[in-house]
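Shown next: protein.txt, containing compact mmCIF, C-alpha atoms and all ligand atoms.
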```txt
# COMPACT_ATOMS: atom_id res chain seq x y z
CA LEU A 1 57.56 111.31 54.89
CA HIS A 2 60.11 108.57 55.16
CA GLN A 3 60.72 107.40 51.66
CA SER A 4 63.72 105.17 52.24
CA LYS A 5 63.37 101.48 52.91
CA GLN A 6 64.32 100.26 56.33
CA TYR A 7 64.44 96.77 57.73
CA VAL A 8 63.16 95.50 61.04
CA GLU A 9 64.30 92.15 62.36
CA CYS A 10 61.54 90.16 64.01
CA ASP A 11 61.90 87.17 66.31
CA THR A 12 58.52 85.65 65.59
CA GLU A 13 55.89 85.65 62.91
CA ASP A 14 53.49 87.42 65.27
CA ASN A 15 56.00 90.24 65.66
CA LEU A 16 56.40 90.43 61.91
CA LEU A 17 52.63 90.73 61.35
CA GLU A 18 52.42 93.38 64.05
CA VAL A 19 55.13 95.43 62.39
CA VAL A 20 53.44 95.12 58.99
CA ALA A 21 50.11 96.21 60.50
CA LEU A 22 51.70 99.15 62.24
CA VAL A 23 53.52 100.36 59.14
CA GLU A 24 50.34 100.10 57.12
CA ALA A 25 48.36 101.96 59.78
CA ARG A 26 50.88 104.79 59.68
CA ARG A 27 51.01 104.58 55.87
CA GLY A 28 54.70 104.00 55.99
CA ASN A 29 55.28 107.16 57.99
CA ILE A 30 57.35 105.48 60.65
CA THR A 31 61.02 104.91 61.29
CA ARG A 32 62.59 101.58 62.03
CA ASP A 33 63.45 102.67 65.55
CA GLU A 34 59.86 103.68 66.25
CA ALA A 35 58.50 100.44 64.85
CA GLU A 36 60.96 98.43 66.88
CA ALA A 37 60.15 100.40 69.98
CA ILE A 38 56.42 99.85 69.71
CA VAL A 39 56.34 96.25 68.54
CA LEU A 40 59.46 94.71 69.99
CA GLY A 41 59.40 96.67 73.21
CA ALA A 42 62.73 98.34 72.63
CA ASP A 43 63.22 101.73 74.23
CA PRO A 44 63.66 104.32 71.46
CA GLU A 45 66.35 105.98 73.59
CA ASP A 46 68.41 102.82 73.33
CA ALA A 47 68.21 102.76 69.59
CA GLU A 48 70.71 105.60 69.39
CA GLU A 49 74.29 104.95 70.34
CA PRO A 50 74.68 106.29 73.87
CA ALA A 51 77.09 109.21 73.81
CA THR A 52 80.32 108.63 75.73
CA PRO A 53 81.79 111.49 77.76
CA THR A 54 84.52 113.59 76.25
CA PHE A 55 88.09 112.82 77.32
CA ARG A 56 88.08 116.00 79.42
CA ALA A 57 84.80 115.18 81.16
CA TRP A 58 85.99 111.63 81.76
CA TRP A 59 89.30 112.45 83.42
CA HIS A 60 87.60 114.98 85.68
CA GLU A 61 85.36 112.15 86.81
CA TRP A 62 88.09 109.53 87.00
CA LEU A 63 91.02 111.27 88.69
CA PRO A 64 89.21 112.11 91.97
CA THR A 65 88.29 108.42 92.32
CA LYS A 66 91.90 107.28 92.37
CA THR A 67 92.64 106.39 95.98
CA ARG A 68 96.22 105.22 95.98
CA ILE A 69 98.19 108.18 94.66
CA SER A 70 100.02 110.84 96.59
CA PRO A 71 98.92 114.49 96.43
CA GLY A 72 102.02 115.21 94.35
CA THR A 73 101.17 112.55 91.80
CA ARG A 74 97.58 113.77 91.62
CA ALA A 75 98.73 117.31 90.90
CA THR A 76 101.11 116.05 88.21
CA TYR A 77 98.41 113.95 86.56
CA LYS A 78 96.10 116.94 86.53
CA GLN A 79 98.71 119.06 84.78
CA GLN A 80 99.48 116.33 82.24
CA LEU A 81 95.82 115.64 81.47
CA ASN A 82 95.12 119.33 81.00
CA ARG A 83 97.96 119.61 78.55
CA LEU A 84 96.78 116.53 76.63
CA CYS A 85 93.29 118.02 76.42
CA SER A 86 94.53 121.13 74.66
CA MET A 87 96.48 119.22 72.02
CA LEU A 88 95.51 118.40 68.42
CA ALA A 89 93.38 121.57 68.36
CA ASP A 90 94.13 122.18 64.67
CA GLU A 91 93.05 118.74 63.61
CA LYS A 92 89.78 117.37 62.37
CA GLY A 93 87.91 116.43 65.53
CA GLY A 94 89.18 119.42 67.48
CA PRO A 95 91.16 119.49 70.72
CA PHE A 96 91.79 116.06 72.21
CA GLY A 97 89.87 116.96 75.36
CA ASP A 98 86.66 117.67 73.42
CA ARG A 99 86.57 114.30 71.70
CA CYS A 100 84.23 111.59 72.88
CA LEU A 101 85.95 108.53 74.34
CA ALA A 102 84.32 106.26 71.79
CA ASP A 103 85.65 108.37 68.90
CA ILE A 104 89.29 108.15 70.01
CA SER A 105 91.31 105.55 68.15
CA GLY A 106 94.85 104.22 68.31
CA LEU A 107 95.65 106.54 65.40
CA ASP A 108 94.66 109.56 67.52
CA ILE A 109 96.96 108.34 70.29
CA GLY A 110 99.77 108.07 67.75
CA ARG A 111 99.11 111.63 66.53
CA LEU A 112 99.01 112.86 70.09
CA ILE A 113 102.37 111.28 70.91
CA ASN A 114 103.94 112.74 67.76
CA ALA A 115 102.55 116.15 68.72
CA LEU A 116 104.15 115.83 72.18
CA ARG A 117 107.41 114.88 70.52
CA ALA A 118 107.14 117.85 68.17
CA ASN A 119 106.84 120.00 71.31
CA GLY A 120 110.30 118.81 72.29
CA LEU A 121 109.35 116.20 74.89
CA GLY A 122 111.61 113.18 75.27
CA ASN A 123 110.49 109.57 75.43
CA LYS A 124 110.74 109.48 79.21
CA THR A 125 108.36 112.41 79.62
CA ILE A 126 106.05 111.18 76.90
CA THR A 127 105.91 107.85 78.71
CA ARG A 128 104.52 109.64 81.76
CA TYR A 129 101.80 111.29 79.67
CA TYR A 130 101.07 108.02 77.96
CA SER A 131 100.83 106.15 81.27
CA VAL A 132 98.30 108.50 82.83
CA MET A 133 96.26 108.46 79.62
CA PHE A 134 96.48 104.67 79.56
CA SER A 135 95.11 104.48 83.10
CA ALA A 136 92.29 106.90 82.31
CA PHE A 137 91.20 104.86 79.27
CA ASN A 138 91.56 101.63 81.22
CA ALA A 139 89.18 102.96 83.85
CA ALA A 140 86.74 103.85 81.06
CA VAL A 141 86.95 100.28 79.79
CA LEU A 142 86.29 98.94 83.29
CA GLN A 143 83.27 101.26 83.55
CA GLY A 144 81.92 99.86 80.30
CA LEU A 145 82.10 103.22 78.50
CA ILE A 146 84.36 101.89 75.75
CA ALA A 147 85.16 98.39 74.60
CA LYS A 148 88.93 98.69 74.57
CA ASN A 149 91.79 100.97 75.42
CA PRO A 150 92.87 102.94 72.31
CA CYS A 151 96.39 103.23 73.73
CA ARG A 152 96.79 99.51 73.11
CA ASP A 153 96.25 100.18 69.40
CA SER A 154 99.09 102.68 69.13
CA ASP A 155 102.60 101.47 68.43
CA PHE A 156 104.15 103.64 71.13
CA GLU A 157 106.74 101.88 73.25
CA ARG A 158 107.05 103.40 76.65
CA ASP A 159 110.27 103.95 78.47
CA GLN A 160 110.82 101.33 81.09
CA VAL A 161 110.81 103.35 84.27
CA ALA A 162 107.81 101.73 85.89
CA ASP A 163 108.31 100.82 89.49
CA ASP A 164 105.00 99.16 90.08
CA ASP A 165 102.92 96.38 88.62
CA THR A 166 100.37 97.79 86.23
CA GLY A 167 99.25 94.63 84.49
CA GLU A 168 100.02 95.72 80.98
CA GLU A 169 103.76 96.05 80.98
CA ASP A 170 105.84 93.38 79.32
CA HIS A 171 107.21 90.98 81.85
CA VAL A 172 110.59 89.38 81.57
CA TYR A 173 111.06 86.37 83.82
CA LEU A 174 114.59 85.19 84.40
CA THR A 175 115.63 81.65 85.16
CA SER A 176 118.04 81.15 88.02
CA GLU A 177 120.89 80.76 85.49
CA GLU A 178 119.92 83.96 83.68
CA PHE A 179 119.74 85.87 86.93
CA TRP A 180 123.24 84.82 87.99
CA LEU A 181 124.59 85.55 84.51
CA LEU A 182 123.26 89.09 84.77
CA HIS A 183 124.30 89.39 88.42
CA ASP A 184 127.90 88.59 87.54
CA CYS A 185 127.89 91.21 84.76
CA LEU A 186 126.83 93.93 87.20
CA ALA A 187 129.41 96.15 88.83
CA PRO A 188 130.30 94.72 92.28
CA ASP A 189 128.56 97.63 94.04
CA SER A 190 125.24 96.66 92.44
CA GLN A 191 125.28 92.88 92.77
CA ASN A 192 123.83 92.81 96.28
CA PHE A 193 121.11 95.22 95.26
CA ALA A 194 120.11 92.86 92.46
CA GLU A 195 120.12 89.81 94.71
CA VAL A 196 118.06 91.54 97.40
CA SER A 197 115.63 92.73 94.72
CA VAL A 198 115.05 89.27 93.29
CA ALA A 199 114.94 87.59 96.71
CA THR A 200 112.40 90.01 98.20
CA GLY A 201 110.48 91.09 95.12
CA ALA A 202 110.65 94.60 96.57
CA ARG A 203 110.09 97.55 94.24
CA PHE A 204 113.10 99.63 93.21
CA SER A 205 111.80 102.49 95.34
CA GLU A 206 111.51 100.11 98.30
CA THR A 207 114.82 98.27 98.01
CA SER A 208 116.63 101.58 97.67
CA ALA A 209 114.94 102.73 100.92
CA LEU A 210 116.10 99.79 103.08
CA THR A 211 118.14 100.51 106.21
CA PRO A 212 119.85 98.26 108.80
CA MET A 213 116.88 98.93 111.09
CA ASP A 214 114.63 96.99 108.76
CA LEU A 215 116.41 93.70 109.48
CA VAL A 216 114.71 91.58 112.13
CA ARG A 217 116.85 88.92 113.81
CA PRO A 218 115.40 85.47 114.50
CA THR A 219 113.64 85.18 117.85
CA ALA A 220 112.28 82.26 119.85
CA ARG A 221 108.84 82.86 118.39
CA HIS A 222 110.11 83.56 114.89
CA PRO A 223 113.05 81.29 114.27
CA LEU A 224 113.54 82.68 110.77
CA PRO A 225 114.97 86.12 110.02
CA ARG A 226 112.63 88.76 108.66
CA LEU A 227 112.79 92.03 106.77
CA TRP A 228 110.60 95.10 107.06
CA ILE A 229 109.54 96.73 103.83
CA ARG A 230 107.83 99.80 105.14
CA ARG A 231 109.33 102.77 103.35
CA ALA A 232 109.76 103.86 99.76
CA TRP A 233 111.16 106.85 97.89
CA LYS A 234 108.30 109.08 96.84
CA ARG A 235 107.96 112.30 94.98
CA GLY A 236 106.48 115.28 96.77
CA GLU A 237 104.19 117.89 95.30
CA ASP A 238 107.16 120.13 94.53
CA GLY A 239 108.92 117.32 92.68
CA THR A 240 111.51 116.61 95.37
CA TRP A 241 112.05 113.10 96.68
CA TYR A 242 111.41 111.99 100.22
CA LEU A 243 111.32 108.73 102.15
CA GLY A 244 107.68 107.96 102.69
CA THR A 245 106.06 105.33 104.84
CA THR A 246 104.14 102.83 102.80
CA LYS A 247 100.57 102.24 103.79
CA GLY A 248 98.13 99.37 103.92
CA ARG A 249 99.26 96.08 102.54
CA GLN A 250 102.27 97.59 100.83
CA LYS A 251 103.85 97.76 104.28
CA ARG A 252 104.99 94.26 105.10
CA LEU A 253 107.27 92.16 107.28
CA ILE A 254 108.51 89.31 105.14
CA THR A 255 110.29 86.16 106.21
CA ILE A 256 113.60 85.73 104.44
CA ASP A 257 116.13 82.93 104.09
CA GLN A 258 119.28 82.74 106.16
CA ALA A 259 121.62 83.46 103.22
CA LEU A 260 119.75 86.66 102.40
CA PHE A 261 119.83 87.67 106.06
CA GLU A 262 123.60 87.25 106.14
CA LEU A 263 123.98 89.21 102.92
CA LEU A 264 121.90 92.06 104.37
CA GLN A 265 123.99 91.97 107.56
CA ARG A 266 127.14 92.35 105.50
CA CYS A 267 125.55 95.31 103.72
CA SER A 268 124.71 96.80 107.15
CA LYS A 269 128.27 96.67 108.41
CA ALA A 270 129.72 100.02 109.45
CA LYS A 271 126.38 101.71 108.82
CA GLU A 272 124.18 103.65 111.20
CA PRO A 273 120.76 102.07 111.84
CA ASP A 274 119.05 104.59 109.58
CA ASP A 275 121.67 104.72 106.82
CA LEU A 276 120.56 103.54 103.40
CA LEU A 277 121.74 99.99 102.61
CA PHE A 278 121.86 100.76 98.91
CA ALA A 279 122.77 104.39 98.36
CA ALA A 280 124.03 106.14 95.24
CA PRO A 281 127.85 106.02 94.81
CA ALA A 282 128.04 109.61 96.06
CA GLY A 283 125.55 108.91 98.86
CA GLY A 284 121.85 109.62 99.08
CA ARG A 285 119.00 108.19 97.08
CA LEU A 286 119.86 105.62 94.43
CA ILE A 287 118.51 107.38 91.35
CA HIS A 288 116.70 105.05 88.98
CA GLU A 289 117.81 106.85 85.81
CA ASN A 290 121.47 106.84 86.84
CA PHE A 291 121.33 103.25 87.97
CA MET A 292 119.83 102.29 84.59
CA ALA A 293 122.40 104.19 82.55
CA LYS A 294 125.54 103.44 84.54
CA ARG A 295 124.95 100.05 86.10
CA TRP A 296 121.98 98.13 84.74
CA ASN A 297 122.07 98.70 80.98
CA PRO A 298 125.83 98.07 80.61
CA ALA A 299 125.41 94.81 82.56
CA VAL A 300 122.49 93.69 80.40
CA VAL A 301 124.45 94.45 77.22
CA LEU A 302 127.43 92.53 78.58
CA ALA A 303 125.26 89.55 79.51
CA MET A 304 123.70 89.60 76.03
CA ARG A 305 127.05 89.43 74.25
CA CYS A 306 128.37 86.04 73.21
CA ALA A 307 132.15 85.58 73.20
CA ALA A 308 131.90 83.32 70.16
CA HIS A 309 129.49 85.59 68.25
CA PRO A 310 130.20 89.17 69.26
CA PRO A 311 128.14 91.94 67.61
CA ALA A 312 129.65 93.40 64.43
CA PRO A 313 132.18 96.20 64.80
CA GLN A 314 131.28 99.62 63.39
CA GLU A 315 134.49 100.11 61.44
CA ARG A 316 135.39 98.72 58.00
CA PRO A 317 138.91 98.47 56.57
CA LEU A 318 139.77 101.48 54.42
CA GLU A 319 143.12 101.99 52.67
CA ASP A 320 144.59 105.50 52.86
CA ALA A 321 141.65 106.72 54.90
CA ALA A 322 141.30 110.49 55.03
CA GLY A 323 138.91 113.00 56.54
CA THR A 324 136.86 112.78 59.71
CA CYS A 325 134.97 109.86 61.21
CA GLY A 326 131.70 111.75 60.60
CA GLU A 327 132.35 111.99 56.87
CA HIS A 328 132.26 108.18 56.77
CA GLY A 329 129.09 107.88 58.82
CA GLY A 330 130.41 107.99 62.40
CA ARG A 331 127.86 109.68 64.67
CA ARG A 332 128.16 111.05 68.17
CA THR A 333 125.57 110.01 70.76
CA ASP A 334 123.64 113.22 70.00
CA GLY A 335 123.37 112.16 66.35
CA LYS A 336 125.78 114.79 65.00
CA PRO A 337 128.70 113.76 62.74
CA CYS A 338 131.82 112.80 64.69
CA GLN A 339 134.62 115.34 64.16
CA ALA A 340 137.46 113.04 65.21
CA ALA A 341 140.19 111.90 62.83
CA LEU A 342 140.09 108.37 61.43
CA LYS A 343 142.05 105.54 62.95
CA PRO A 344 144.64 104.47 60.34
CA GLY A 345 143.35 101.74 58.03
CA VAL A 346 139.67 101.96 58.96
CA ASP A 347 136.69 104.28 58.31
CA ARG A 348 136.06 105.20 61.98
CA CYS A 349 137.89 107.09 64.71
CA ARG A 350 139.28 105.09 67.60
CA TRP A 351 136.24 105.85 69.78
CA HIS A 352 133.85 104.55 67.17
CA CYS A 353 135.65 101.27 66.57
CA GLY A 354 134.18 98.04 67.93
CA PRO A 355 130.51 97.21 68.36
CA GLU A 356 128.00 99.96 69.08
CA ARG A 357 127.50 100.59 72.77
CA GLU A 358 124.09 98.93 72.90
CA ALA A 359 124.78 96.18 70.34
CA VAL A 360 124.23 92.59 71.47
CA SER A 361 124.72 89.14 69.96
CA THR A 362 121.93 87.57 67.94
CA CYS A 363 123.01 83.95 68.32
CA GLU A 364 121.10 81.49 70.47
CA CYS A 365 124.03 80.14 72.43
CA LEU A 366 123.60 78.87 75.98
CA GLY A 367 125.23 80.93 78.67
CA VAL A 368 124.17 84.18 76.99
CA LEU A 369 121.22 86.32 78.07
CA HIS A 370 118.69 86.58 75.25
CA GLN A 371 116.15 88.96 76.77
CA ARG A 372 116.31 92.49 78.13
CA PRO A 373 115.09 92.67 81.72
CA THR A 374 114.59 95.90 83.65
CA PRO A 375 115.24 96.18 87.40
CA HIS A 376 111.48 95.86 87.84
CA ASP A 377 111.68 92.47 86.15
CA LEU A 378 113.55 91.23 89.21
CA ARG A 379 110.24 91.68 91.01
CA HIS A 380 108.44 89.81 88.23
CA THR A 381 111.08 87.10 88.43
CA CYS A 382 110.64 86.83 92.18
CA VAL A 383 106.92 86.24 91.73
CA ALA A 384 107.55 83.65 89.02
CA TRP A 385 109.94 81.79 91.30
CA LEU A 386 107.37 81.88 94.11
CA PHE A 387 104.64 80.52 91.87
CA ALA A 388 106.94 77.77 90.63
CA ASP A 389 106.57 76.20 94.07
CA PRO A 390 103.07 74.68 94.32
CA THR A 391 103.06 74.98 98.12
CA VAL A 392 103.19 78.78 97.91
CA THR A 393 99.65 80.13 97.78
CA VAL A 394 98.42 83.13 95.84
CA ILE A 395 97.62 84.85 99.14
CA ALA A 396 101.19 84.33 100.31
CA VAL A 397 102.58 85.78 97.07
CA SER A 398 100.21 88.74 97.19
CA ARG A 399 101.25 89.56 100.78
CA PHE A 400 104.92 88.93 100.15
CA VAL A 401 105.22 91.42 97.32
CA GLY A 402 102.80 93.89 98.93
CA HIS A 403 100.02 94.07 96.39
CA ALA A 404 97.16 96.27 97.56
CA THR A 405 94.62 93.57 96.72
CA MET A 406 94.60 89.98 95.52
CA ALA A 407 92.99 91.27 92.35
CA VAL A 408 96.29 92.95 91.45
CA THR A 409 98.14 89.67 91.87
CA ASP A 410 95.55 87.97 89.70
CA THR A 411 95.60 90.64 86.99
CA VAL A 412 99.35 90.97 86.80
CA TYR A 413 100.46 87.41 87.39
CA GLY A 414 97.37 85.31 86.64
CA GLY A 415 99.19 83.54 83.84
CA LEU A 416 101.82 82.27 86.24
CA MET A 417 99.48 80.80 88.80
CA PRO A 418 99.77 77.03 89.00
CA SER A 419 96.67 75.06 88.21
CA THR A 420 95.22 74.14 91.56
CA GLU A 421 92.18 72.28 90.25
CA ALA A 422 93.55 68.88 91.23
CA ALA A 423 94.41 70.11 94.69
CA ALA A 424 90.93 71.60 95.08
CA ALA A 425 89.27 68.34 94.06
CA SER A 426 91.48 66.42 96.44
CA ALA A 427 90.75 68.80 99.31
CA LEU A 428 87.00 68.43 98.79
CA GLY A 429 87.35 64.66 98.59
CA ARG A 430 89.26 64.60 101.85
CA ALA A 431 86.80 66.96 103.50
CA ARG A 432 83.98 64.53 102.76
CA GLY A 433 85.99 61.62 104.10
CA ARG A 434 86.47 60.16 100.62
CA ASN A 435 90.15 59.98 99.96
CA SER A 436 89.80 58.33 96.58
CA VAL A 437 90.44 61.52 94.60
CA ALA A 438 94.06 61.27 93.62
CA LEU A 439 96.14 64.42 93.53
CA ALA A 440 97.51 64.70 90.05
CA ALA A 441 101.21 65.27 89.80
ZN ZN B 501 134.12 108.95 65.68
ZN ZN B 502 126.84 82.75 70.44
```

Once more with this new file: its structure as structure tokens, please.
Ligand SMILES: [Zn+2]
Ligand SMILES: [Zn+2]
Amino acid sequence: LHQSKQYVECDTEDNLLEVVALVEARRGNITRDEAEAIVLGADPEDAEEPATPTFRAWWHEWLPTKTRISPGTRATYKQQLNRLCSMLADEKGGPFGDRCLADISGLDIGRLINALRANGLGNKTITRYYSVMFSAFNAAVLQGLIAKNPCRDSDFERDQVADDDTGEEDHVYLTSEEFWLLHDCLAPDSQNFAEVSVATGARFSETSALTPMDLVRPTARHPLPRLWIRRAWKRGEDGTWYLGTTKGRQKRLITIDQALFELLQRCSKAKEPDDLLFAAPAGGRLIHENFMAKRWNPAVVLAMRCAAHPPAPQERPLEDAAGTCGEHGGRRTDGKPCQAALKPGVDRCRWHCGPEREAVSTCECLGVLHQRPTPHDLRHTCVAWLFADPTVTVIAVSRFVGHATMAVTDTVYGGLMPSTEAAAASALGRARGRNSVALAA
């Protein structure tokens, strides 16, 4: 017997009377769900929350449906997902893989990331785990299995190594002035790379794969110079890098301006047709991590420092200073106390004087960079510059930067797209022979 009171919501009085009659006929021996099912036509199956698949079941369903990843990437994802599934086994809720998608919260993601960290993984590696998990949950959201991606509710900040547009990364868009400011802070051997990146929107893996062969001189039919973007550095199944041919719409022949053509010709000088235009200092593939550490980050820090308001130095004056730098708080990059002797008169050694390596100004002066772009933001910037011109269509942008579909362009850059409502109205007016619809400025 069901002794507890339950409530049934009825749309109409007729429904209400029907429910009352039914409950009386059953002498109260009826659940709300049953009453609803009979009177209101609801399916009793629906009354229960539909169970979502476990994380393990879901990724086994999702991963084989991904169509644009290399066999190497697929194998890596598989390994990473398997490892994620076995984690948090000692916790309430059991191993991560056995939990239902709907039961996984941002807190669980946070615990998972801390567990990975406790296993000795660095932020770069954790970012890879996080990214694949993010994609898996995103697919579940798109399939309607869950309302939102729990990864979005964790406070994890991924390492910025992304080479492609994913739609959820933070975009930094540079103005022309900001770009040149940063450009001039780069080491001379990296300035052309930056300009080619922002002028083509090519991915890091694509720009670093360019060769003199990819330059197409103007012809009678094509009076403007062009550039092939048809190869990219990829990672094979065994983890080694190779130059792969891009497929589908990622492969593209873009029209470029004369100044860029001349710059690329200068870069091609004294090179064989299949030499890399932008190689590592020692030759070979330009390695993203090295480029970040040795070229990009120092340039960004430099551009973010104001001559009038430099970041605070680490050292403080100290009379008759004695002992080591570490005893006064000086730390090596690995976090251990610095063993070096103090510089006379201050509480730091001579290596730990001046601002910290990564410290930047906090003023708002003009002529100083106030945001931290990544190399990939040069691609974002390129798209922003394209969209700033109302004559450049979304299709043109999508093709230029080699998005697989227009939907990617829309998802990633929708916010940048100019409002074309006035142009659409005008076009329809013209098409009907009524030119009265004015094109708003
Ligand atoms: Zn020191
Ligand atoms: Zn300043």

Discussion item. Can you pull out the residues contacting segment 232-236 of chain A? Cut-off 10 Å, using all atoms listed in the file, and skip same-chain residues under 5 positions away; I want them as a PyMOL selection string.
Written reply: chain A and resi 70-73+75+202-210+241-246+250-251+285-287

Worksheet entry | Best match for closeness to ligand ZN 501 (chain B) among A:Arg399, A:Arg128, A:His328, A:His222, counting all atoms listed in the file | A:His328

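Using all atoms listed in the file as the basis for the distance check, residues found within 8 Å of ligand ZN 501 (chain B) are Thr324, Cys325, Gly326, Gly330, Arg331, Arg332, Pro337, Cys338, Gln339, Ala340, Ala341, Leu342, Arg348, Cys349, Arg350, Trp351, His352 and Cys353 of chain A.
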
Could you give me the residues within 9 Å of ligand ZN 502 (chain B), counting only C-alpha atoms and all ligand atoms, as a compact mmCIF listing (two decimals) with C-alpha atoms, in the frame of the given file?
```txt
# COMPACT_ATOMS: atom_id res chain seq x y z
CA ARG A 305 127.05 89.43 74.25
CA CYS A 306 128.37 86.04 73.21
CA ALA A 307 132.15 85.58 73.20
CA ALA A 308 131.90 83.32 70.16
CA HIS A 309 129.49 85.59 68.25
CA PRO A 310 130.20 89.17 69.26
CA SER A 361 124.72 89.14 69.96
CA THR A 362 121.93 87.57 67.94
CA CYS A 363 123.01 83.95 68.32
CA GLU A 364 121.10 81.49 70.47
CA CYS A 365 124.03 80.14 72.43
CA LEU A 366 123.60 78.87 75.98
CA GLY A 367 125.23 80.93 78.67
CA VAL A 368 124.17 84.18 76.99
```

Worksheet entry | Separation of atom CA of His60 of chain A from atom CA of Asn82 of chain A in Å | 9.9 Å

Practice prompt. Give as a list of chain:residue names every residue, naming chains and numbers as the document does, that has an atom within 12 Å of (106.4, 78.3, 90.7), counting all atoms listed in the file.
Written response: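 Nearby residues: A:Tyr173, A:Thr175, A:His380, A:Thr381, A:Cys382, A:Val383, A:Ala384, A:Trp385, A:Leu386, A:Phe387, A:Ala388, A:Asp389, A:Pro390, A:Thr391, A:Val392, A:Thr393, A:Val394, A:Val397, A:Tyr413, A:Gly415, A:Leu416, A:Met417, A:Pro418, A:Ser419, A:Thr420.
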
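Among the candidates A:Phe55, A:Phe179, A:Trp228, A:Phe278, the residue lying nearest to Thr374 of chain A is A:Phe179 (atoms considered: only C-alpha atoms).
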
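Surrounding residues of (127.7, 84.1, 82.3) at most 8 Å away are A:Glu178, A:Trp180, A:Leu181, A:Leu182, A:Asp184, A:Cys185, A:Ala303, A:Gly367, A:Val368 (based on only C-alpha atoms).
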
Worksheet entry | Between atom CA of His370 of chain A and atom CA of Glu177 of chain A - distance in Å to one decimal |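 Atom CA of Glu177 of chain A sits 12.0 Å away from atom CA of His370 of chain A.
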
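Atom to atom, atom CA of Asn192 of chain A and atom CA of His171 of chain A stand 22.1 Å apart.
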
Item to complete: Would you kindly return, as JSON, numbers by chain, each protein, DNA or RNA residue with an atom no farther than 12 Å from any atom of Ala259 of chain A, considering only C-alpha atoms and excluding same-chain residues fewer than 6 positions away?
Response: {"A": [192, 195, 196, 199, 224, 225, 226, 265, 266]}

Discussion item. Counting only C-alpha atoms, which residue out of A:Arg26, A:Arg217, A:Arg32, A:Lys269 sits closest to Asp257 of chain A?
Written reply: A:Arg217

Worksheet item: If you count all atoms listed in the file, which residues fall within 8 Å of Ala139 of chain A, apart from same-chain ones fewer than 4 positions away, as a list in words?
Response: Trp62, Ser135 and Gln143 of chain A

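Of the listed residues (A:Phe156, A:Tyr77, A:Phe193, A:Phe291), A:Tyr77 comes nearest to Met133 of chain A; the distances count only C-alpha atoms.
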
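Each of A:Gln6, A:Ser105, A:Thr52, A:Gln79 was checked against Asp153 of chain A using all atoms listed in the file; the smallest atom-to-atom distance is that of A:Ser105.
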
Item to complete: Would you kindly return, as JSON, numbers by chain, each protein, DNA or RNA residue with an atom no farther than 7 Å from any atom of segment 358-360 of chain A, considering only C-alpha atoms and excluding same-chain residues fewer than 6 positions away?
Response: {"A": [301, 304, 305, 311]}

Mind completing segment 73-84 of chain A with N, CA and C atoms? Output as a PDB file, in the coordinates of the input, please?
```pdb
ATOM      1  N   THR A  73     101.489 113.270  93.033  1.00  0.00           N
ATOM      2  CA  THR A  73     101.170 112.550  91.800  1.00  0.00           C
ATOM      3  C   THR A  73      99.860 113.053  91.214  1.00  0.00           C
ATOM      4  N   ARG A  74      98.878 113.298  92.098  1.00  0.00           N
ATOM      5  CA  ARG A  74      97.580 113.770  91.620  1.00  0.00           C
ATOM      6  C   ARG A  74      97.716 115.111  90.910  1.00  0.00           C
ATOM      7  N   ALA A  75      98.524 115.985  91.507  1.00  0.00           N
ATOM      8  CA  ALA A  75      98.730 117.310  90.900  1.00  0.00           C
ATOM      9  C   ALA A  75      99.418 117.171  89.543  1.00  0.00           C
ATOM     10  N   THR A  76     100.396 116.264  89.474  1.00  0.00           N
ATOM     11  CA  THR A  76     101.110 116.050  88.210  1.00  0.00           C
ATOM     12  C   THR A  76     100.174 115.512  87.139  1.00  0.00           C
ATOM     13  N   TYR A  77      99.365 114.528  87.517  1.00  0.00           N
ATOM     14  CA  TYR A  77      98.410 113.950  86.560  1.00  0.00           C
ATOM     15  C   TYR A  77      97.487 115.034  86.004  1.00  0.00           C
ATOM     16  N   LYS A  78      97.031 115.889  86.908  1.00  0.00           N
ATOM     17  CA  LYS A  78      96.100 116.940  86.530  1.00  0.00           C
ATOM     18  C   LYS A  78      96.718 117.832  85.451  1.00  0.00           C
ATOM     19  N   GLN A  79      97.968 118.214  85.713  1.00  0.00           N
ATOM     20  CA  GLN A  79      98.710 119.060  84.780  1.00  0.00           C
ATOM     21  C   GLN A  79      98.857 118.355  83.426  1.00  0.00           C
ATOM     22  N   GLN A  80      99.246 117.086  83.476  1.00  0.00           N
ATOM     23  CA  GLN A  80      99.480 116.330  82.240  1.00  0.00           C
ATOM     24  C   GLN A  80      98.180 116.165  81.459  1.00  0.00           C
ATOM     25  N   LEU A  81      97.100 115.858  82.153  1.00  0.00           N
ATOM     26  CA  LEU A  81      95.820 115.640  81.470  1.00  0.00           C
ATOM     27  C   LEU A  81      95.321 116.926  80.847  1.00  0.00           C
ATOM     28  N   ASN A  82      95.525 118.036  81.555  1.00  0.00           N
ATOM     29  CA  ASN A  82      95.120 119.330  81.000  1.00  0.00           C
ATOM     30  C   ASN A  82      95.871 119.628  79.717  1.00  0.00           C
ATOM     31  N   ARG A  83      97.164 119.344  79.739  1.00  0.00           N
ATOM     32  CA  ARG A  83      97.960 119.610  78.550  1.00  0.00           C
ATOM     33  C   ARG A  83      97.512 118.720  77.392  1.00  0.00           C
ATOM     34  N   LEU A  84      97.255 117.448  77.674  1.00  0.00           N
ATOM     35  CA  LEU A  84      96.780 116.530  76.630  1.00  0.00           C
ATOM     36  C   LEU A  84      95.474 117.030  76.029  1.00  0.00           C
TER      37      LEU A  84
END
```
